[in-house]
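Below: one structure, written as structure tokens.
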Amino acid sequence: MAEWSNDGGQSWLPVRVGDAEVRPDRTAECRWAANVDLLEVPPGRIGVNSVSTQVRLFEEITVTRGSPYRVPAGRYVVDGTKAILRGGGLACDLLGMEDILREAALPVARSVPRDTARSTAQTLVAEAMPWASVSWRAGVRADTRLPAFVIDEDRWGALSGGTDQGGASTGIAPSLGAEVYADARGVIVFAPVPTLTDPVAWVLPYGEGIVEPEAAQSSEGLANVWVISGEEDTEGTAASAPVGPVYVWDDDPSSLTYAGPDPVGDPLAPQRDGLFHVRPRVARYSSPLIASEEQAYTVGRAKLADSLRVQSTLSFTAFAHPGVEPGDVVRVEVTPDAWETHIVDACPRRLGGATLTCQTRTSTRRL
């Protein structure tokens with residue numbers, strides 16, 4: 001089912017849904033996107049349009065002797081519409097609520113005063129989306145005090161990450177070792193970067209709904225050593241002191257991406273130990289919003305967790321599960337008695353359909 005609103009979600013009108021496909025994807029800038037046919041709905045200023053209309057989608061789960069339970073399947077803005085010639089209605093292309101923040105660029109550059117991450121983010125979101133809630137998940141230090149910085153024009157970049165005109169990395173979320181996105185309810189969420197040690201949300205035994213799991217590997221984006229630096233917040237004194245660099249690396253000897261015991265201080269140690277396969281892959285991140293070494297280590301651990309898990313991927317089709325979302329950790333029995341832990345990147349599905357396709361990633365493993 002679906003609802004639409006032209007007043008920023010103050011009121012919602014129900015609408016019948018024809019074909020509907022949702023595409024939750026953690027790697028996309030808008031985490032939720034969809035294509036949906038809205039039936040018997042007026043177009044234009046007083047109806048569904050691509051300027052002011054928001055759409056909420058739901059999946060209903062019917063239980064015996066009970067009321068249907070509605071699972072949110074995304075809150076969206078309408079990116080485009082096309083008239084349905086037979087039967088009436090509109091075929092709509094929908095994008096997640098991040099699109100509002102992307103489009104709401106600042107008209108002039110802004111100097112942001114020293115304040116907490118929570119306060120700064122809330123202001124940037126509220127200016128573009130006054131109805132929106134901002135949620136801070138456990139593990140994200142929302143009360144970290146950020147130094148003063150300048151936003152050139154990109155509001156979404158200031159929240160999620162980007163660069164200023166001088167090439168310096170910006171973004172409140174990455175400076176906290178976090179990611180930011182709009183969830184299925186349209187809430188702007190700051191959450192820790194998911195890791196394979198997070199609680200498992202879904203267990204899939206072999207043969208129980210899984211059809212032809214397909215595994216693949218790629219080294220794109222792989223980094224096993226991160227160099228993180230920033231600038232200490234000196235609260236208005238003449239010069240700022242540098243933070244770092246601090247170094248974070250894969251120190252697990254059983255990992256295929258093992259960087260050695262100390263790739264910074266003793267880069268020849270793996271060769272002395274006969275570990276000739278060890279190959280450091282170094283990446284750097286610097287941001288003026290990183291104001292302490294503790295914050296730099298938090299950022300480095302988040303970057304490392306994200307860059308180590310990109311090599312081994314798995315695509316599988318299973319019975320539909322509307323509760324699965326990008327970032328969830330799943331345990332999959334890919335062959336009998338061979339279990340792997342993966343993080344869900346994308347889980348597109350047709351609303352009301354019987355199956356769900358997941359694309360997942362995991363850390364590389366010794367094969």
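Residues in the structure tokens are numbered from 1 in each chain, the chains being A, B, ... in the order shown, and ligands are numbered from 1 in the order shown.
The environment of A:Pro43 within 9 Å, counting only C-alpha atoms and disregarding residues fewer than 2 places along the same chain, consists of A:Val41, A:Arg45, A:Ile46, A:Gly47, A:Val48, A:Asn49, A:Thr81, A:Ala83, A:Gly89, A:Leu90.
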Practice task
Pick out each residue of stretch 39-237 of chain A that DSSP on the backbone tags as strand (DSSP E or B); I need them as a PyMOL selection string.
Solution key: chain A and resi 39+43+48+54-61+69-83+90-96+110-112+115-116+134-136+145-146+149-151+162-163+169-170+178-182+188-192+200-204+211-217+225-231
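Residues with any atom within 7 Å of A:Ile228, counting only C-alpha atoms and excluding same-chain neighbours fewer than 2 positions away, are Trp226, Gly244, Pro245, Val246, Tyr247, Arg284, Tyr285, Ser286, Ala296 and Gly300 of chain A.
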Residue contacts of A:Ala121 (10 Å, only C-alpha atoms) excluding same-chain residues fewer than 2 positions away, as a JSON list (two decimals) with all heavy atoms, in the first residue's frame:
```
[["chain", "number", "residue", "atom", "x", "y", "z"],
["A", 115, "ASP", "N", 30.64, 23.87, 17.37],
["A", 115, "ASP", "CA", 29.47, 23.34, 18.06],
["A", 115, "ASP", "C", 29.54, 21.83, 18.05],
["A", 115, "ASP", "O", 30.45, 21.24, 17.46],
["A", 115, "ASP", "CB", 28.18, 23.83, 17.38],
["A", 115, "ASP", "CG", 26.99, 23.89, 18.35],
["A", 115, "ASP", "OD1", 27.07, 23.21, 19.40],
["A", 115, "ASP", "OD2", 26.00, 24.58, 18.04],
["A", 116, "THR", "N", 28.57, 21.19, 18.67],
["A", 116, "THR", "CA", 28.54, 19.73, 18.66],
["A", 116, "THR", "C", 28.07, 19.22, 17.30],
["A", 116, "THR", "O", 27.38, 19.93, 16.55],
["A", 116, "THR", "CB", 27.60, 19.19, 19.75],
["A", 116, "THR", "OG1", 26.26, 19.61, 19.46],
["A", 116, "THR", "CG2", 28.02, 19.69, 21.12],
["A", 117, "ALA", "N", 28.43, 17.98, 17.01],
["A", 117, "ALA", "CA", 27.97, 17.36, 15.77],
["A", 117, "ALA", "C", 26.46, 17.30, 15.73],
["A", 117, "ALA", "O", 25.83, 17.53, 14.69],
["A", 117, "ALA", "CB", 28.57, 15.96, 15.64],
["A", 118, "ARG", "N", 25.84, 16.99, 16.87],
["A", 118, "ARG", "CA", 24.38, 16.89, 16.93],
["A", 118, "ARG", "C", 23.72, 18.21, 16.54],
["A", 118, "ARG", "O", 22.81, 18.25, 15.71],
["A", 118, "ARG", "CB", 23.96, 16.49, 18.34],
["A", 118, "ARG", "CG", 22.46, 16.23, 18.48],
["A", 118, "ARG", "CD", 22.06, 16.16, 19.95],
["A", 118, "ARG", "NE", 22.87, 15.23, 20.71],
["A", 118, "ARG", "CZ", 22.61, 13.93, 20.81],
["A", 118, "ARG", "NH1", 21.57, 13.42, 20.19],
["A", 118, "ARG", "NH2", 23.40, 13.15, 21.54],
["A", 119, "SER", "N", 24.16, 19.30, 17.14],
["A", 119, "SER", "CA", 23.55, 20.59, 16.88],
["A", 119, "SER", "C", 23.77, 21.06, 15.45],
["A", 119, "SER", "O", 22.86, 21.56, 14.79],
["A", 119, "SER", "CB", 24.10, 21.63, 17.86],
["A", 119, "SER", "OG", 23.56, 22.91, 17.60],
["A", 123, "THR", "N", 20.74, 21.48, 12.53],
["A", 123, "THR", "CA", 20.47, 22.75, 11.86],
["A", 123, "THR", "C", 20.47, 22.57, 10.34],
["A", 123, "THR", "O", 19.57, 23.06, 9.65],
["A", 123, "THR", "CB", 21.52, 23.79, 12.26],
["A", 123, "THR", "OG1", 21.43, 24.03, 13.67],
["A", 123, "THR", "CG2", 21.31, 25.11, 11.52],
["A", 124, "LEU", "N", 21.46, 21.86, 9.82],
["A", 124, "LEU", "CA", 21.55, 21.68, 8.37],
["A", 124, "LEU", "C", 20.36, 20.88, 7.84],
["A", 124, "LEU", "O", 19.85, 21.17, 6.75],
["A", 124, "LEU", "CB", 22.86, 20.97, 8.02],
["A", 124, "LEU", "CG", 24.14, 21.77, 8.25],
["A", 124, "LEU", "CD1", 25.37, 20.89, 8.05],
["A", 124, "LEU", "CD2", 24.19, 22.96, 7.28],
["A", 125, "VAL", "N", 19.91, 19.89, 8.59],
["A", 125, "VAL", "CA", 18.76, 19.10, 8.15],
["A", 125, "VAL", "C", 17.47, 19.90, 8.26],
["A", 125, "VAL", "O", 16.64, 19.92, 7.34],
["A", 125, "VAL", "CB", 18.66, 17.80, 8.97],
["A", 125, "VAL", "CG1", 17.35, 17.07, 8.67],
["A", 125, "VAL", "CG2", 19.84, 16.89, 8.69],
["A", 126, "ALA", "N", 17.28, 20.61, 9.38],
["A", 126, "ALA", "CA", 16.02, 21.31, 9.62],
["A", 126, "ALA", "C", 15.78, 22.44, 8.61],
["A", 126, "ALA", "O", 14.63, 22.73, 8.28],
["A", 126, "ALA", "CB", 16.01, 21.88, 11.04],
["A", 134, "VAL", "N", 16.09, 13.53, 13.31],
["A", 134, "VAL", "CA", 17.47, 13.08, 13.17],
["A", 134, "VAL", "C", 17.76, 12.11, 14.31],
["A", 134, "VAL", "O", 17.55, 12.42, 15.48],
["A", 134, "VAL", "CB", 18.46, 14.26, 13.22],
["A", 134, "VAL", "CG1", 19.89, 13.75, 13.08],
["A", 134, "VAL", "CG2", 18.15, 15.26, 12.10],
["A", 142, "ALA", "N", 27.57, 11.73, 19.20],
["A", 142, "ALA", "CA", 26.87, 12.91, 18.67],
["A", 142, "ALA", "C", 27.30, 14.20, 19.34],
["A", 142, "ALA", "O", 27.18, 15.28, 18.76],
["A", 142, "ALA", "CB", 25.36, 12.73, 18.81],
["A", 155, "ARG", "N", 25.17, 21.08, 0.92],
["A", 155, "ARG", "CA", 24.62, 20.74, 2.23],
["A", 155, "ARG", "C", 24.78, 19.24, 2.53],
["A", 155, "ARG", "O", 25.19, 18.86, 3.62],
["A", 155, "ARG", "CB", 23.14, 21.13, 2.28],
["A", 155, "ARG", "CG", 22.48, 20.90, 3.65],
["A", 155, "ARG", "CD", 20.98, 21.15, 3.56],
["A", 155, "ARG", "NE", 20.67, 22.46, 3.03],
["A", 155, "ARG", "CZ", 20.54, 23.56, 3.78],
["A", 155, "ARG", "NH1", 20.70, 23.48, 5.09],
["A", 155, "ARG", "NH2", 20.24, 24.72, 3.23],
["A", 158, "ALA", "N", 28.28, 18.30, 3.33],
["A", 158, "ALA", "CA", 28.69, 18.69, 4.69],
["A", 158, "ALA", "C", 28.23, 17.66, 5.71],
["A", 158, "ALA", "O", 28.85, 17.49, 6.76],
["A", 158, "ALA", "CB", 28.11, 20.06, 5.03],
["A", 159, "LEU", "N", 27.15, 16.94, 5.41],
["A", 159, "LEU", "CA", 26.66, 15.91, 6.32],
["A", 159, "LEU", "C", 27.31, 14.55, 6.05],
["A", 159, "LEU", "O", 27.73, 13.87, 6.98],
["A", 159, "LEU", "CB", 25.14, 15.78, 6.18],
["A", 159, "LEU", "CG", 24.30, 16.96, 6.66],
["A", 159, "LEU", "CD1", 22.88, 16.85, 6.13],
["A", 159, "LEU", "CD2", 24.29, 17.05, 8.18],
["A", 171, "GLY", "N", 32.57, 16.65, 5.94],
["A", 171, "GLY", "CA", 31.51, 15.70, 6.22],
["A", 171, "GLY", "C", 31.47, 15.37, 7.70],
["A", 171, "GLY", "O", 32.45, 14.87, 8.26],
["A", 172, "ILE", "N", 30.34, 15.64, 8.32],
["A", 172, "ILE", "CA", 30.19, 15.38, 9.75],
["A", 172, "ILE", "C", 30.22, 13.89, 10.02],
["A", 172, "ILE", "O", 30.91, 13.43, 10.94],
["A", 172, "ILE", "CB", 28.88, 16.02, 10.26],
["A", 172, "ILE", "CG1", 28.97, 17.55, 10.16],
["A", 172, "ILE", "CG2", 28.60, 15.59, 11.69],
["A", 172, "ILE", "CD1", 27.66, 18.25, 10.46],
["A", 173, "ALA", "N", 29.48, 13.10, 9.24],
["A", 173, "ALA", "CA", 29.42, 11.65, 9.50],
["A", 173, "ALA", "C", 30.79, 10.99, 9.42],
["A", 173, "ALA", "O", 31.19, 10.29, 10.36],
["A", 173, "ALA", "CB", 28.41, 10.99, 8.56],
["A", 188, "ILE", "N", 16.45, 10.80, 9.26],
["A", 188, "ILE", "CA", 17.86, 10.94, 8.94],
["A", 188, "ILE", "C", 18.66, 10.30, 10.06],
["A", 188, "ILE", "O", 18.58, 10.71, 11.22],
["A", 188, "ILE", "CB", 18.25, 12.42, 8.77],
["A", 188, "ILE", "CG1", 17.37, 13.09, 7.71],
["A", 188, "ILE", "CG2", 19.72, 12.55, 8.41],
["A", 188, "ILE", "CD1", 17.45, 12.46, 6.34],
["A", 190, "PHE", "N", 22.26, 8.83, 11.70],
["A", 190, "PHE", "CA", 23.72, 8.73, 11.81],
["A", 190, "PHE", "C", 24.00, 7.41, 12.53],
["A", 190, "PHE", "O", 23.58, 7.23, 13.67],
["A", 190, "PHE", "CB", 24.30, 9.90, 12.59],
["A", 190, "PHE", "CG", 24.33, 11.20, 11.82],
["A", 190, "PHE", "CD1", 23.19, 11.97, 11.70],
["A", 190, "PHE", "CD2", 25.51, 11.64, 11.23],
["A", 190, "PHE", "CE1", 23.21, 13.17, 10.99],
["A", 190, "PHE", "CE2", 25.54, 12.84, 10.53],
["A", 190, "PHE", "CZ", 24.40, 13.60, 10.41]]
```
Exercise for the section: Name the residues in contact with A:Val36 at a cut-off of 9 Å, using only C-alpha atoms, excluding same-chain residues fewer than 2 positions from it; report them as a ChimeraX atom specification. Expected result: /A:17-22,34,38,90-94
C-alpha atoms of the current selection, written as a CSV table (one decimal), in the first residue's frame:
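And here's result.csv as it stands now:
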```csv
chain,number,residue,atom,x,y,z
A,17,VAL,CA,-0.7,0.6,-5.9
A,18,GLY,CA,-0.1,-1.4,-9.0
A,19,ASP,CA,3.4,-2.7,-9.8
A,20,ALA,CA,6.0,-1.6,-7.3
A,21,GLU,CA,9.7,-2.3,-6.9
A,22,VAL,CA,11.9,-1.0,-4.1
A,34,ALA,CA,11.7,2.8,-6.1
A,38,LEU,CA,0.0,4.8,-8.3
A,90,LEU,CA,0.9,7.5,-12.8
A,91,ALA,CA,4.1,5.5,-13.1
A,92,CYS,CA,6.5,7.3,-10.6
A,93,ASP,CA,10.2,7.2,-10.2
A,94,LEU,CA,11.0,7.7,-6.5
```
Problem - Residue set, stretch 53-211 of chain A restricted to helix (DSSP H, G or I), as number ranges by chain - result: A: 98-103, 117-128, 155-160, 172-175
Output N, CA and C atoms for every residue in the selection just made, as a tab-separated table (two decimals), in the first residue's frame.
```tsv
chain	number	residue	atom	x	y	z
A	98	GLU	N	17.16	11.68	1.08
A	98	GLU	CA	18.46	12.32	0.89
A	98	GLU	C	18.44	13.28	-0.30
A	99	ASP	N	17.55	13.01	-1.27
A	99	ASP	CA	17.50	13.85	-2.46
A	99	ASP	C	17.13	15.29	-2.11
A	100	ILE	N	16.31	15.48	-1.09
A	100	ILE	CA	15.96	16.85	-0.68
A	100	ILE	C	17.20	17.58	-0.19
A	101	LEU	N	18.02	16.89	0.61
A	101	LEU	CA	19.24	17.51	1.12
A	101	LEU	C	20.25	17.73	0.01
A	102	ARG	N	20.30	16.84	-0.97
A	102	ARG	CA	21.21	17.04	-2.10
A	102	ARG	C	20.84	18.27	-2.90
A	103	GLU	N	19.54	18.48	-3.09
A	103	GLU	CA	19.09	19.60	-3.92
A	103	GLU	C	19.11	20.93	-3.18
A	117	ALA	N	28.43	17.98	17.01
A	117	ALA	CA	27.97	17.36	15.77
A	117	ALA	C	26.46	17.30	15.73
A	118	ARG	N	25.84	16.99	16.87
A	118	ARG	CA	24.38	16.89	16.93
A	118	ARG	C	23.72	18.21	16.54
A	119	SER	N	24.16	19.30	17.14
A	119	SER	CA	23.55	20.59	16.88
A	119	SER	C	23.77	21.06	15.45
A	120	THR	N	25.00	20.88	14.96
A	120	THR	CA	25.31	21.32	13.59
A	120	THR	C	24.50	20.54	12.57
A	121	ALA	N	24.43	19.22	12.72
A	121	ALA	CA	23.68	18.39	11.78
A	121	ALA	C	22.19	18.71	11.83
A	122	GLN	N	21.66	18.88	13.03
A	122	GLN	CA	20.23	19.18	13.17
A	122	GLN	C	19.88	20.47	12.44
A	123	THR	N	20.74	21.48	12.53
A	123	THR	CA	20.47	22.75	11.86
A	123	THR	C	20.47	22.57	10.34
A	124	LEU	N	21.46	21.86	9.82
A	124	LEU	CA	21.55	21.68	8.37
A	124	LEU	C	20.36	20.88	7.84
A	125	VAL	N	19.91	19.89	8.59
A	125	VAL	CA	18.76	19.10	8.15
A	125	VAL	C	17.47	19.90	8.26
A	126	ALA	N	17.28	20.61	9.38
A	126	ALA	CA	16.02	21.31	9.62
A	126	ALA	C	15.78	22.44	8.61
A	127	GLU	N	16.84	23.07	8.13
A	127	GLU	CA	16.66	24.14	7.15
A	127	GLU	C	16.03	23.62	5.86
A	128	ALA	N	16.36	22.39	5.48
A	128	ALA	CA	15.83	21.82	4.25
A	128	ALA	C	14.62	20.94	4.47
A	155	ARG	N	25.17	21.08	0.92
A	155	ARG	CA	24.62	20.74	2.23
A	155	ARG	C	24.78	19.24	2.53
A	156	TRP	N	24.43	18.40	1.56
A	156	TRP	CA	24.53	16.97	1.77
A	156	TRP	C	25.98	16.54	1.95
A	157	GLY	N	26.90	17.17	1.20
A	157	GLY	CA	28.31	16.87	1.37
A	157	GLY	C	28.81	17.22	2.76
A	158	ALA	N	28.28	18.30	3.33
A	158	ALA	CA	28.69	18.69	4.69
A	158	ALA	C	28.23	17.66	5.71
A	159	LEU	N	27.15	16.94	5.41
A	159	LEU	CA	26.66	15.91	6.32
A	159	LEU	C	27.31	14.55	6.05
A	160	SER	N	27.38	14.17	4.78
A	160	SER	CA	27.77	12.80	4.45
A	160	SER	C	29.20	12.65	3.99
A	172	ILE	N	30.34	15.64	8.32
A	172	ILE	CA	30.19	15.38	9.75
A	172	ILE	C	30.22	13.89	10.02
A	173	ALA	N	29.48	13.10	9.24
A	173	ALA	CA	29.42	11.65	9.50
A	173	ALA	C	30.79	10.99	9.42
A	174	PRO	N	31.55	11.16	8.33
A	174	PRO	CA	32.85	10.47	8.29
A	174	PRO	C	33.83	10.96	9.36
A	175	SER	N	33.69	12.21	9.81
A	175	SER	CA	34.59	12.69	10.87
A	175	SER	C	34.29	12.03	12.21
```
Exercise for the section: Find the residues near A:Pro242: any atom within 12 Å, counting only C-alpha atoms, skip ones fewer than 3 places away on the same chain, and give them as a PyMOL selection string. Expected result: chain A and resi 228-234+239+245-246+286-293+296
For stretch 1-11 of chain A, find every residue with an atom within 9 Å (counting only C-alpha atoms), except residues of its own chain fewer than 3 positions away, and show them as a PDB file with C-alpha atoms, in the first residue's frame.
```pdb
ATOM      1  CA  PRO A  14      -4.058   6.622   0.742  1.00  0.00           C
ATOM      2  CA  VAL A  15      -3.639   5.473  -2.845  1.00  0.00           C
ATOM      3  CA  ARG A  16      -3.901   2.100  -4.573  1.00  0.00           C
ATOM      4  CA  VAL A  17      -0.664   0.601  -5.851  1.00  0.00           C
ATOM      5  CA  LEU A  38       0.032   4.839  -8.318  1.00  0.00           C
ATOM      6  CA  ARG A  45      -0.479  20.822  -8.662  1.00  0.00           C
ATOM      7  CA  ILE A  46      -3.327  19.326  -6.653  1.00  0.00           C
ATOM      8  CA  GLY A  47      -2.169  15.755  -7.137  1.00  0.00           C
ATOM      9  CA  VAL A  48       1.058  13.820  -7.479  1.00  0.00           C
ATOM     10  CA  ASN A  49       3.846  15.914  -8.989  1.00  0.00           C
ATOM     11  CA  VAL A  51       7.969  19.227  -7.092  1.00  0.00           C
ATOM     12  CA  SER A  52       6.183  18.847  -3.771  1.00  0.00           C
ATOM     13  CA  THR A  53       4.886  15.276  -3.509  1.00  0.00           C
ATOM     14  CA  GLN A  54       6.205  12.737  -1.026  1.00  0.00           C
ATOM     15  CA  VAL A  55       5.242   9.068  -1.093  1.00  0.00           C
ATOM     16  CA  ARG A  56       5.338   6.421   1.638  1.00  0.00           C
ATOM     17  CA  LEU A  57       5.320   2.734   0.726  1.00  0.00           C
ATOM     18  CA  PHE A  58       4.455  -0.156   3.021  1.00  0.00           C
ATOM     19  CA  GLU A  59       4.342  -3.935   2.903  1.00  0.00           C
ATOM     20  CA  GLU A  60       1.513  -5.569   4.822  1.00  0.00           C
ATOM     21  CA  ARG A  70       2.645  -2.637   8.075  1.00  0.00           C
ATOM     22  CA  MET A 129      13.478  19.367   5.956  1.00  0.00           C
ATOM     23  CA  PRO A 130      11.786  21.070   8.917  1.00  0.00           C
ATOM     24  CA  TRP A 131       9.561  18.033   9.525  1.00  0.00           C
ATOM     25  CA  LEU A 351       6.382  -5.348  -3.012  1.00  0.00           C
TER      26      LEU A 351
END
```
Quick one: contact table of stretch 269-348 of chain A to stretch 178-181 of chain A, 12 Å max, nearest atom pair and distance in Å to one decimal per residue, counting only C-alpha atoms, chain and number order, as CSV?
```
residue,atom,partner,partner_atom,distance
A:Gln295,CA,A:Ala178,CA,11.2
A:Thr298,CA,A:Ala178,CA,9.0
A:Val299,CA,A:Ala178,CA,7.8
A:Gly300,CA,A:Ala178,CA,10.8
A:Arg301,CA,A:Ala178,CA,10.3
A:Ala302,CA,A:Ala178,CA,7.1
A:Lys303,CA,A:Ala178,CA,9.2
A:Ala305,CA,A:Ala178,CA,11.2
A:Asp306,CA,A:Ala178,CA,10.6
A:Pro326,CA,A:Tyr181,CA,10.8
A:Gly327,CA,A:Glu179,CA,10.6
```
Output N, CA, C and O atoms of each residue in that selection to a file, as a JSON list (two decimals), in the first residue's frame.
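Result went into out-v4.json, see below:
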```json
[["chain", "number", "residue", "atom", "x", "y", "z"],
["A", 295, "GLN", "N", 39.46, 10.76, 18.06],
["A", 295, "GLN", "CA", 38.53, 10.85, 16.95],
["A", 295, "GLN", "C", 39.16, 10.29, 15.68],
["A", 295, "GLN", "O", 38.49, 9.61, 14.89],
["A", 298, "THR", "N", 38.99, 6.55, 15.71],
["A", 298, "THR", "CA", 37.62, 6.11, 15.44],
["A", 298, "THR", "C", 37.34, 6.13, 13.94],
["A", 298, "THR", "O", 36.76, 5.19, 13.38],
["A", 299, "VAL", "N", 37.75, 7.21, 13.29],
["A", 299, "VAL", "CA", 37.57, 7.33, 11.83],
["A", 299, "VAL", "C", 38.36, 6.24, 11.12],
["A", 299, "VAL", "O", 37.87, 5.58, 10.19],
["A", 300, "GLY", "N", 39.61, 6.01, 11.56],
["A", 300, "GLY", "CA", 40.44, 5.01, 10.91],
["A", 300, "GLY", "C", 39.86, 3.61, 11.01],
["A", 300, "GLY", "O", 39.87, 2.85, 10.04],
["A", 301, "ARG", "N", 39.33, 3.26, 12.19],
["A", 301, "ARG", "CA", 38.74, 1.93, 12.35],
["A", 301, "ARG", "C", 37.51, 1.77, 11.46],
["A", 301, "ARG", "O", 37.28, 0.69, 10.89],
["A", 302, "ALA", "N", 36.72, 2.83, 11.32],
["A", 302, "ALA", "CA", 35.54, 2.76, 10.45],
["A", 302, "ALA", "C", 35.95, 2.63, 8.98],
["A", 302, "ALA", "O", 35.37, 1.84, 8.22],
["A", 303, "LYS", "N", 36.95, 3.40, 8.57],
["A", 303, "LYS", "CA", 37.44, 3.31, 7.19],
["A", 303, "LYS", "C", 37.98, 1.91, 6.90],
["A", 303, "LYS", "O", 37.74, 1.34, 5.83],
["A", 305, "ALA", "N", 37.23, -0.95, 8.43],
["A", 305, "ALA", "CA", 36.15, -1.94, 8.39],
["A", 305, "ALA", "C", 35.43, -1.91, 7.05],
["A", 305, "ALA", "O", 35.05, -2.95, 6.50],
["A", 306, "ASP", "N", 35.27, -0.72, 6.49],
["A", 306, "ASP", "CA", 34.55, -0.59, 5.22],
["A", 306, "ASP", "C", 35.40, -1.03, 4.05],
["A", 306, "ASP", "O", 34.89, -1.58, 3.07],
["A", 326, "PRO", "N", 19.64, -2.77, 4.08],
["A", 326, "PRO", "CA", 21.08, -2.61, 3.85],
["A", 326, "PRO", "C", 21.80, -2.33, 5.17],
["A", 326, "PRO", "O", 21.32, -1.60, 6.02],
["A", 327, "GLY", "N", 22.97, -2.96, 5.31],
["A", 327, "GLY", "CA", 23.74, -2.81, 6.55],
["A", 327, "GLY", "C", 23.52, -3.93, 7.53],
["A", 327, "GLY", "O", 24.29, -4.08, 8.48]]
```
